[in-house]
Structures are given as C-alpha cells and as structure tokens.
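Peer 1: Below is start-v2.txt; it holds compact mmCIF, C-alpha atoms (C1' of nucleotides).
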# COMPACT_ATOMS: atom_id res chain seq x y z
CA MET A 1 164.98 61.26 158.66
CA ASP A 2 164.43 62.88 162.03
CA SER A 3 161.12 64.32 160.83
CA VAL A 4 159.62 60.89 161.50
CA ILE A 5 160.28 61.27 165.22
CA ARG A 6 156.85 61.63 166.78
CA ARG A 7 156.59 64.14 169.60
CA LEU A 8 155.59 63.01 173.06
CA HIS A 9 152.12 64.05 174.20
CA ARG A 10 151.57 65.13 177.78
CA LYS A 11 149.21 62.22 178.41
CA GLU A 12 152.05 59.80 177.71
CA LEU A 13 154.23 61.22 180.48
CA PRO A 14 153.97 59.51 183.88
CA ILE A 15 152.48 61.80 186.55
CA ASP A 16 155.30 61.16 188.98
CA THR A 17 158.71 62.77 189.12
CA VAL A 18 160.76 59.64 189.73
CA GLU A 19 158.83 57.62 187.15
CA LEU A 20 159.24 60.40 184.61
CA ALA A 21 163.00 60.53 185.19
CA ARG A 22 163.22 56.82 184.39
CA TYR A 23 160.76 57.08 181.51
CA LEU A 24 162.78 59.78 179.74
CA ILE A 25 165.88 57.58 179.32
CA GLY A 26 166.06 56.70 175.63
CA LYS A 27 163.60 59.42 174.54
CA THR A 28 164.77 62.29 172.35
CA LEU A 29 165.14 66.02 172.80
CA ILE A 30 164.67 68.01 169.60
CA HIS A 31 165.41 71.66 168.89
CA ASP A 32 164.49 72.98 165.47
CA LEU A 33 166.56 76.02 164.55
CA PRO A 34 166.25 77.98 161.28
CA VAL A 35 169.53 76.56 160.04
CA GLU A 36 169.45 73.05 161.33
CA ARG A 37 167.76 70.51 163.54
CA LEU A 38 169.47 69.55 166.77
CA MET A 39 168.53 66.22 168.23
CA GLY A 40 169.88 64.00 170.98
CA ARG A 41 168.96 60.87 172.84
CA ILE A 42 168.43 61.32 176.59
CA VAL A 43 170.82 59.01 178.44
CA GLU A 44 170.97 60.51 181.96
CA THR A 45 168.41 62.23 184.22
CA GLU A 46 167.90 63.17 187.86
CA ALA A 47 164.61 63.41 189.74
CA TYR A 48 163.90 66.30 192.14
CA PRO A 49 160.55 65.24 193.59
CA VAL A 50 158.14 67.09 195.87
CA GLY A 51 159.63 67.64 199.32
CA ASP A 52 163.23 67.12 198.22
CA PRO A 53 165.47 69.66 200.01
CA SER A 54 167.66 69.81 196.91
CA GLY A 55 164.70 70.62 194.69
CA HIS A 56 164.36 74.22 193.56
CA ALA A 57 160.69 74.20 194.55
CA PHE A 58 161.45 73.06 198.10
CA ARG A 59 160.70 76.46 199.67
CA GLY A 60 157.52 76.99 197.71
CA PRO A 61 156.75 78.98 194.56
CA THR A 62 158.83 82.08 193.79
CA LYS A 63 159.40 84.19 190.71
CA GLY A 64 162.42 82.12 189.80
CA ASN A 65 161.01 78.60 190.04
CA ARG A 66 157.45 79.03 188.77
CA SER A 67 158.06 76.87 185.70
CA LEU A 68 158.47 73.87 187.97
CA TYR A 69 154.79 74.29 188.88
CA LEU A 70 153.56 74.02 185.29
CA ALA A 71 151.97 70.78 184.13
CA ARG A 72 154.48 68.02 183.42
CA GLY A 73 156.41 68.49 180.18
CA HIS A 74 157.30 72.19 180.49
CA ALA A 75 160.88 73.50 180.54
CA TYR A 76 162.45 74.99 183.65
CA VAL A 77 165.76 76.59 182.69
CA HIS A 78 168.07 77.62 185.49
CA LEU A 79 171.45 79.38 185.40
CA ALA A 80 173.93 77.55 187.62
CA TYR A 81 177.05 79.24 188.99
CA GLY A 82 176.49 82.13 186.61
CA THR A 83 177.99 80.07 183.82
CA SER A 84 175.82 77.12 182.81
CA TYR A 85 172.17 76.78 181.88
CA LEU A 86 170.46 73.62 183.09
CA LEU A 87 167.33 72.18 181.48
CA ASN A 88 164.68 70.58 183.67
CA ILE A 89 161.30 69.18 182.74
CA SER A 90 158.40 69.88 185.07
CA SER A 91 157.11 66.57 186.32
CA GLU A 92 153.81 66.76 188.18
CA LEU A 93 150.28 68.12 187.77
CA ASP A 94 149.72 71.84 187.24
CA GLY A 95 150.32 73.65 190.54
CA ILE A 96 152.73 71.08 192.01
CA GLY A 97 156.42 71.97 191.95
CA ALA A 98 158.93 69.29 190.94
CA GLY A 99 161.21 68.51 188.04
CA VAL A 100 163.58 66.19 186.21
CA LEU A 101 167.04 67.47 185.32
CA LEU A 102 168.40 66.35 181.93
CA ARG A 103 172.07 65.55 182.50
CA ALA A 104 173.36 64.05 179.25
CA LEU A 105 172.46 63.40 175.62
CA GLU A 106 173.83 61.11 172.97
CA PRO A 107 174.02 63.50 169.98
CA LEU A 108 172.04 62.22 166.99
CA ASP A 109 171.57 65.12 164.59
CA GLY A 110 172.94 68.61 164.02
CA ILE A 111 176.34 67.66 165.38
CA THR A 112 178.20 70.27 163.34
CA LEU A 113 176.07 73.00 164.90
CA MET A 114 176.50 71.50 168.37
CA VAL A 115 180.25 71.65 167.85
CA ARG A 116 179.93 75.35 167.08
CA HIS A 117 177.86 75.91 170.22
CA ARG A 118 180.51 74.21 172.33
CA ARG A 119 184.26 74.55 172.48
CA THR A 120 185.13 71.00 171.57
CA ARG A 121 185.02 68.75 168.55
CA ARG A 122 184.78 65.62 170.66
CA VAL A 123 181.29 64.24 170.11
CA LEU A 124 181.61 62.38 173.42
CA ASP A 125 181.87 65.70 175.27
CA LEU A 126 179.24 67.70 173.39
CA ALA A 127 176.35 67.02 175.77
CA ARG A 128 177.94 65.03 178.61
CA GLY A 129 176.85 67.05 181.64
CA PRO A 130 173.79 69.26 182.17
CA GLY A 131 175.47 72.58 181.32
CA ARG A 132 177.07 71.14 178.21
CA LEU A 133 173.74 69.63 177.17
CA ALA A 134 171.96 73.00 177.28
CA SER A 135 174.81 74.73 175.50
CA ALA A 136 175.02 72.15 172.71
CA MET A 137 171.26 72.29 172.21
CA GLY A 138 171.15 76.09 172.12
CA ILE A 139 169.00 76.33 175.23
CA ASP A 140 168.99 79.40 177.48
CA LYS A 141 166.62 81.35 179.73
CA ARG A 142 164.35 82.20 176.78
CA TYR A 143 163.04 78.65 176.90
CA ASP A 144 162.07 78.80 180.56
CA GLY A 145 158.37 77.91 180.67
CA ALA A 146 158.25 76.47 177.14
CA ASP A 147 155.85 73.57 176.60
CA LEU A 148 157.94 70.65 175.35
CA CYS A 149 154.81 68.68 174.43
CA ALA A 150 153.22 71.35 172.25
CA GLY A 151 155.04 70.75 168.97
CA GLY A 152 157.09 73.94 169.23
CA PRO A 153 160.74 74.22 168.16
CA LEU A 154 161.93 72.66 171.42
CA ARG A 155 160.18 69.40 172.23
CA LEU A 156 160.39 65.83 173.44
CA GLY A 157 160.25 62.96 170.97
CA ARG A 158 159.80 59.23 171.05
CA GLU A 159 162.84 56.97 171.26
CA VAL A 160 164.78 56.20 168.09
CA ARG A 161 166.30 53.19 169.80
CA GLU A 162 165.06 51.41 172.87
CA SER A 163 167.07 51.98 176.02
CA GLY A 164 169.40 49.29 177.26
CA PRO A 165 169.47 48.40 180.97
CA ILE A 166 168.88 51.47 183.14
CA GLY A 167 171.18 52.13 186.09
CA ARG A 168 170.30 54.05 189.23
CA SER A 169 172.55 56.02 191.59
CA GLU A 170 172.83 58.98 193.93
CA ARG A 171 172.66 62.40 192.29
CA ILE A 172 175.70 64.44 191.29
CA GLY A 173 176.81 67.82 192.62
CA ILE A 174 174.36 68.34 195.48
CA THR A 175 174.82 68.32 199.25
CA ARG A 176 171.31 67.98 200.67
CA ALA A 177 169.65 64.54 200.51
CA ALA A 178 172.72 63.50 198.54
CA ASP A 179 172.27 59.81 199.34
CA ARG A 180 168.88 59.41 197.66
CA MET A 181 168.99 57.16 194.59
CA LEU A 182 167.31 59.51 192.12
CA ARG A 183 169.71 59.53 189.19
CA PHE A 184 168.95 57.33 186.16
CA TYR A 185 171.17 56.50 183.19
CA GLU A 186 171.58 54.02 180.38
CA ARG A 187 174.20 51.59 181.64
CA GLY A 188 177.49 51.58 179.77
CA ASN A 189 176.56 54.44 177.47
CA PRO A 190 179.74 56.53 176.92
CA PHE A 191 177.75 59.77 176.68
CA VAL A 192 176.71 59.54 180.34
CA SER A 193 178.47 61.99 182.72
CA GLY A 194 180.18 61.25 186.01
CA ARG A 195 182.98 58.90 186.89
CA GLN A 196 183.20 55.27 185.82
CA ARG A 197 181.29 53.95 188.83
CA LEU A 198 178.38 56.22 187.90
CA ARG A 199 178.26 55.04 184.29
CA SER A 200 178.46 51.24 184.58
C1' DT B 1 169.34 96.87 199.60
C1' DT B 2 172.63 93.30 200.18
C1' DG B 3 175.59 89.20 200.58
C1' DG B 4 175.89 84.32 200.48
C1' DC B 5 175.11 80.56 197.73
C1' DG B 6 174.79 77.17 194.18
C1' DA B 7 171.54 70.76 190.23
C1' DT B 8 178.96 73.35 186.53
C1' DT B 9 182.74 73.63 183.69
C1' DG B 10 187.47 73.93 182.01
C1' DG B 11 192.06 74.76 182.92
C1' DC B 12 196.00 73.89 185.64
C1' DT B 13 198.90 71.18 189.12
C1' DG C 1 192.10 66.50 192.16
C1' DC C 2 191.66 71.45 193.08
C1' DC C 3 189.84 75.89 192.21
C1' DA C 4 188.37 80.18 190.11
C1' DA C 5 184.90 82.29 187.11
C1' DT C 6 180.41 84.44 187.22
C1' DC C 7 175.60 86.06 188.15
C1' DG C 8 170.59 85.59 189.25
C1' DC C 9 167.89 84.56 193.12
C1' DC C 10 166.08 85.28 197.59
C1' DA C 11 166.20 85.38 202.74
C1' DA C 12 167.50 88.52 205.94
C1' DT C 13 168.75 93.07 207.10
How would this structure read if it were set down as structure tokens?
Peer 2:
Amino acid sequence: MDSVIRRLHRKELPIDTVELARYLIGKTLIHDLPVERLMGRIVETEAYPVGDPSGHAFRGPTKGNRSLYLARGHAYVHLAYGTSYLLNISSELDGIGAGVLLRALEPLDGITLMVRHRRTRRVLDLARGPGRLASAMGIDKRYDGADLCAGGPLRLGREVRESGPIGRSERIGITRAADRMLRFYERGNPFVSGRQRLRS
DNA sequence: TTGGCGATTGGCT
DNA sequence: GCCAATCGCCAAT
C-alpha cells in the first residue's frame, strides 16, 4: 500500500526555509529497511533560516554542519546532548546553510519495528519529539548528507492525507532568538510534541 | 589540546 | 517540574 507513495522531487520543495517548514507538514518520511518499511506523517517542524543565531550554520560552514549547505532536501543529522540524533532537512540552494528540523511524526507503517527501536509500546510516544523520531525511524549519523529526494532508502514522500489547519509557535528547547515564530504543526494532532498550548 | 556547551529524553520527586 | 546522562564539535588556549 505504501509503495504508491510518490517521492518528492527537489523541484517541488520551496526554496525558502520557513516555507519549506510549513510545506512539509502532512508529507511523509519513508525509510526502507531490509526487513520492513518505516513510514510516518510529518506533523511538526521547526525552521532554522539563514542568519538565525540558533541555526547550526550561524557561524559559517564547518566540518560538522556541511550538510546544511547542500541543496534543499538533503539530511543533516546531528547528535544532541550525546544521546539523541536529530534529523534536519537542508532548505536552501546549494552553498547556503539552513535547515528544517523534523520534530514529530504520526506513525503510519512499520510500527512493530518502531516499537523495537524505542523503549515504549505507546504509539503516541514513538515519534513525538525529534530524538524519538530519529530513533523510531532508525536514523543515525550514517544518514548525514543523504539525499532525501533521490529515491534512496530514506526519502520524502507526498502526503497520504491532507494536513488540517497548521499552527505556528515559538521553537522548543532553544535560548537564542527563542521568541521567533518558526515552529509549525498540525493543530490538534496528538502526535505533536510539547505541552498542550503548543499543540492546539 | 582542552573544556564548555547543547535543536533531548526518561526517570524520579 | 527537576535533573543527570553522555559525547561530538569547535572556539580558545
């Protein structure tokens, strides 16, 4: 059934970090593993545009953030606090550093394998939060730099269901430029992270 | 070469 | 709600 999900082509992605963050709500993230296909519906994102002091490309290109400078649609995988991998999608033209953080998925397929990747059986908690999302989807540093528009095992797909109303808020867990409204989410979706005010 | 610092999570109070 | 775990990155020494 999921094989009908058409992948997203780079040309379809908006060439703007904030627009891309909004655009990705309702789209799918697919990871084909030998055993099983993992798939989820993107329900929460955050934009880290050019010039944002919280963005990992803020101080210019380094060895660690180079994936953010790839053409929009490439993965930038970062290890946070030594414990959690976070998946970003590069969001501008080749050579410009910016990204969109994927913060939560509504699991659609491969849930039994996601449960094994995580330490919970609660479907609601499988991919609610950026570290949980990466863990459930089997994403780690090996995918840093992967092209998510190229039809490889990890890729973006078209929506299976149109997004409901999209909410907008400040971003979670940062201190610099914390008041900017750069977080997007499907309103009322129970798979969105954060407290009630940030989900409604 | 080093130390301070996170785009988090899960467990405990 | 608070806090420790844990480690790669990078600016400064």
Peer 1: Could I get the residues of chain C with an atom no further than 10 Å from an atom of chain A, each paired with its nearest atom pair and that distance in Å to one decimal, using all atoms listed in the file, sorted by chain and residue number, as a Markdown table?
Peer 2:
| residue | atom | partner | partner_atom | distance |
| --- | --- | --- | --- | --- |
| C:DA5 | C1' | A:Thr83 | CA | 8.0 |
| C:DT6 | C1' | A:Gly82 | CA | 4.6 |
| C:DC7 | C1' | A:Gly82 | CA | 4.3 |
| C:DG8 | C1' | A:Gly82 | CA | 7.3 |
| C:DC9 | C1' | A:Gly64 | CA | 6.8 |
| C:DC10 | C1' | A:Thr62 | CA | 8.8 |
Peer 1: I need the residue nearest chain B from this list: A:Glu106, A:Glu46, A:Glu162, A:Asp179. Use all atoms listed in the file for the distance.
Peer 2: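 Ranked by minimum distance to chain B, first place goes to A:Glu46.
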Peer 1: Kindly determine which residues of chain A lie within 9 Å of chain B, considering all atoms listed in the file, and give the answer as a VMD selection string.
Peer 2: chain A and resid 46 54 to 56 80 to 81 83 to 86 101 129 to 132 171 to 174
Peer 1: Give me, please, the distance in Å between CA of Ala57 (chain A) and CA of Tyr69 (chain A), quoted to one decimal.
Peer 2: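 Computing the Euclidean distance for CA of Ala57 (chain A) and CA of Tyr69 (chain A) yields 8.2 Å.
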Peer 1: So how many Å separate CA of Ile42 (chain A) and CA of Pro61 (chain A), to one decimal?
Peer 2: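 Between CA of Ile42 (chain A) and CA of Pro61 (chain A) the gap works out to 27.8 Å.
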Peer 1: What separation in Å, quoted to one decimal, exists between CA of Leu113 (chain A) and CA of Arg155 (chain A)?
Peer 2: 17.9 Å
Peer 1: Quick one: residues within 7 Å of Ser90 (chain A), only C-alpha atoms (C1' of nucleotides), excluding same-chain residues fewer than 3 positions away - as a list in words?
Peer 2: Leu68, Tyr69, Leu70, Ala71, Arg72, Gly73, His74, Ala75, Tyr76, Ala98, Gly99 and Val100 of chain A
Peer 1: Contacts of His117 (chain A) at 9 Å or less, counting all atoms listed in the file, minus same-chain residues fewer than 4 places along, as a list in words?
Peer 2: Thr112, Leu113, Leu126, Ser135, Ala136, Met137 and Gly138 of chain A
Peer 1: Given 6 Å of margin on each side, can you work out the centre and size in Å (one decimal) of an axis-aligned box holding every listed atom of region 149-162 of chain A, as AutoDock Vina command-line options?
Peer 2:
--center_x 159.8 --center_y 62.8 --center_z 171.3 --size_x 25.1 --size_y 34.8 --size_z 18.3
Peer 1: Please, could N, CA and C atoms be added to region 144-176 of chain A and the result written as a PDB file, keeping the file's coordinate frame?
Peer 2:
ATOM      1  N   ASP A 144     162.706  79.066 179.271  1.00  0.00           N
ATOM      2  CA  ASP A 144     162.070  78.800 180.560  1.00  0.00           C
ATOM      3  C   ASP A 144     160.553  78.926 180.408  1.00  0.00           C
ATOM      4  N   GLY A 145     159.831  77.900 180.777  1.00  0.00           N
ATOM      5  CA  GLY A 145     158.370  77.910 180.670  1.00  0.00           C
ATOM      6  C   GLY A 145     157.833  77.346 179.368  1.00  0.00           C
ATOM      7  N   ALA A 146     158.717  77.012 178.430  1.00  0.00           N
ATOM      8  CA  ALA A 146     158.250  76.470 177.140  1.00  0.00           C
ATOM      9  C   ALA A 146     157.591  75.101 177.331  1.00  0.00           C
ATOM     10  N   ASP A 147     156.549  74.870 176.559  1.00  0.00           N
ATOM     11  CA  ASP A 147     155.850  73.570 176.600  1.00  0.00           C
ATOM     12  C   ASP A 147     156.552  72.607 175.645  1.00  0.00           C
ATOM     13  N   LEU A 148     157.178  71.589 176.182  1.00  0.00           N
ATOM     14  CA  LEU A 148     157.940  70.650 175.350  1.00  0.00           C
ATOM     15  C   LEU A 148     157.054  69.571 174.742  1.00  0.00           C
ATOM     16  N   CYS A 149     155.761  69.639 175.009  1.00  0.00           N
ATOM     17  CA  CYS A 149     154.810  68.680 174.430  1.00  0.00           C
ATOM     18  C   CYS A 149     153.903  69.330 173.406  1.00  0.00           C
ATOM     19  N   ALA A 150     154.169  70.574 173.069  1.00  0.00           N
ATOM     20  CA  ALA A 150     153.220  71.350 172.250  1.00  0.00           C
ATOM     21  C   ALA A 150     153.581  71.373 170.766  1.00  0.00           C
ATOM     22  N   GLY A 151     154.666  70.727 170.372  1.00  0.00           N
ATOM     23  CA  GLY A 151     155.040  70.750 168.970  1.00  0.00           C
ATOM     24  C   GLY A 151     155.769  72.005 168.560  1.00  0.00           C
ATOM     25  N   GLY A 152     156.286  72.758 169.523  1.00  0.00           N
ATOM     26  CA  GLY A 152     157.090  73.940 169.230  1.00  0.00           C
ATOM     27  C   GLY A 152     158.496  73.543 168.809  1.00  0.00           C
ATOM     28  N   PRO A 153     159.378  74.523 168.625  1.00  0.00           N
ATOM     29  CA  PRO A 153     160.740  74.220 168.160  1.00  0.00           C
ATOM     30  C   PRO A 153     161.528  73.332 169.131  1.00  0.00           C
ATOM     31  N   LEU A 154     161.275  73.514 170.430  1.00  0.00           N
ATOM     32  CA  LEU A 154     161.930  72.660 171.420  1.00  0.00           C
ATOM     33  C   LEU A 154     160.904  71.679 171.968  1.00  0.00           C
ATOM     34  N   ARG A 155     161.183  70.391 171.818  1.00  0.00           N
ATOM     35  CA  ARG A 155     160.180  69.400 172.230  1.00  0.00           C
ATOM     36  C   ARG A 155     160.806  68.043 172.533  1.00  0.00           C
ATOM     37  N   LEU A 156     159.991  67.207 173.156  1.00  0.00           N
ATOM     38  CA  LEU A 156     160.390  65.830 173.440  1.00  0.00           C
ATOM     39  C   LEU A 156     159.882  64.927 172.331  1.00  0.00           C
ATOM     40  N   GLY A 157     160.664  63.904 172.008  1.00  0.00           N
ATOM     41  CA  GLY A 157     160.250  62.960 170.970  1.00  0.00           C
ATOM     42  C   GLY A 157     160.403  61.530 171.440  1.00  0.00           C
ATOM     43  N   ARG A 158     159.732  60.650 170.731  1.00  0.00           N
ATOM     44  CA  ARG A 158     159.800  59.230 171.050  1.00  0.00           C
ATOM     45  C   ARG A 158     161.212  58.695 170.839  1.00  0.00           C
ATOM     46  N   GLU A 159     161.504  57.541 171.394  1.00  0.00           N
ATOM     47  CA  GLU A 159     162.840  56.970 171.260  1.00  0.00           C
ATOM     48  C   GLU A 159     163.104  56.538 169.816  1.00  0.00           C
ATOM     49  N   VAL A 160     164.359  56.715 169.382  1.00  0.00           N
ATOM     50  CA  VAL A 160     164.780  56.200 168.090  1.00  0.00           C
ATOM     51  C   VAL A 160     165.337  54.794 168.260  1.00  0.00           C
ATOM     52  N   ARG A 161     165.721  54.490 169.479  1.00  0.00           N
ATOM     53  CA  ARG A 161     166.300  53.190 169.800  1.00  0.00           C
ATOM     54  C   ARG A 161     165.950  52.912 171.250  1.00  0.00           C
ATOM     55  N   GLU A 162     165.462  51.746 171.511  1.00  0.00           N
ATOM     56  CA  GLU A 162     165.060  51.410 172.870  1.00  0.00           C
ATOM     57  C   GLU A 162     166.249  51.505 173.819  1.00  0.00           C
ATOM     58  N   SER A 163     165.990  51.884 175.050  1.00  0.00           N
ATOM     59  CA  SER A 163     167.070  51.980 176.020  1.00  0.00           C
ATOM     60  C   SER A 163     167.546  50.599 176.430  1.00  0.00           C
ATOM     61  N   GLY A 164     168.863  50.505 176.662  1.00  0.00           N
ATOM     62  CA  GLY A 164     169.400  49.290 177.260  1.00  0.00           C
ATOM     63  C   GLY A 164     169.070  49.312 178.748  1.00  0.00           C
ATOM     64  N   PRO A 165     169.719  48.436 179.526  1.00  0.00           N
ATOM     65  CA  PRO A 165     169.470  48.400 180.970  1.00  0.00           C
ATOM     66  C   PRO A 165     169.699  49.767 181.599  1.00  0.00           C
ATOM     67  N   ILE A 166     168.804  50.157 182.508  1.00  0.00           N
ATOM     68  CA  ILE A 166     168.880  51.470 183.140  1.00  0.00           C
ATOM     69  C   ILE A 166     169.480  51.338 184.535  1.00  0.00           C
ATOM     70  N   GLY A 167     170.549  52.120 184.779  1.00  0.00           N
ATOM     71  CA  GLY A 167     171.180  52.130 186.090  1.00  0.00           C
ATOM     72  C   GLY A 167     170.586  53.215 186.965  1.00  0.00           C
ATOM     73  N   ARG A 168     170.848  53.102 188.260  1.00  0.00           N
ATOM     74  CA  ARG A 168     170.300  54.050 189.230  1.00  0.00           C
ATOM     75  C   ARG A 168     171.385  54.369 190.254  1.00  0.00           C
ATOM     76  N   SER A 169     171.498  55.639 190.637  1.00  0.00           N
ATOM     77  CA  SER A 169     172.550  56.020 191.590  1.00  0.00           C
ATOM     78  C   SER A 169     172.135  57.239 192.379  1.00  0.00           C
ATOM     79  N   GLU A 170     173.024  57.701 193.268  1.00  0.00           N
ATOM     80  CA  GLU A 170     172.830  58.980 193.930  1.00  0.00           C
ATOM     81  C   GLU A 170     173.035  60.094 192.901  1.00  0.00           C
ATOM     82  N   ARG A 171     172.541  61.282 193.221  1.00  0.00           N
ATOM     83  CA  ARG A 171     172.660  62.400 192.290  1.00  0.00           C
ATOM     84  C   ARG A 171     174.019  63.079 192.415  1.00  0.00           C
ATOM     85  N   ILE A 172     174.369  63.835 191.385  1.00  0.00           N
ATOM     86  CA  ILE A 172     175.700  64.440 191.290  1.00  0.00           C
ATOM     87  C   ILE A 172     175.637  65.930 191.641  1.00  0.00           C
ATOM     88  N   GLY A 173     176.622  66.389 192.430  1.00  0.00           N
ATOM     89  CA  GLY A 173     176.810  67.820 192.620  1.00  0.00           C
ATOM     90  C   GLY A 173     175.916  68.506 193.631  1.00  0.00           C
ATOM     91  N   ILE A 174     175.217  67.736 194.462  1.00  0.00           N
ATOM     92  CA  ILE A 174     174.360  68.340 195.480  1.00  0.00           C
ATOM     93  C   ILE A 174     174.860  67.943 196.868  1.00  0.00           C
ATOM     94  N   THR A 175     174.393  68.650 197.891  1.00  0.00           N
ATOM     95  CA  THR A 175     174.820  68.320 199.250  1.00  0.00           C
ATOM     96  C   THR A 175     173.656  67.842 200.114  1.00  0.00           C
ATOM     97  N   ARG A 176     172.451  68.368 199.853  1.00  0.00           N
ATOM     98  CA  ARG A 176     171.310  67.980 200.670  1.00  0.00           C
ATOM     99  C   ARG A 176     170.618  66.747 200.093  1.00  0.00           C
TER     100      ARG A 176
END
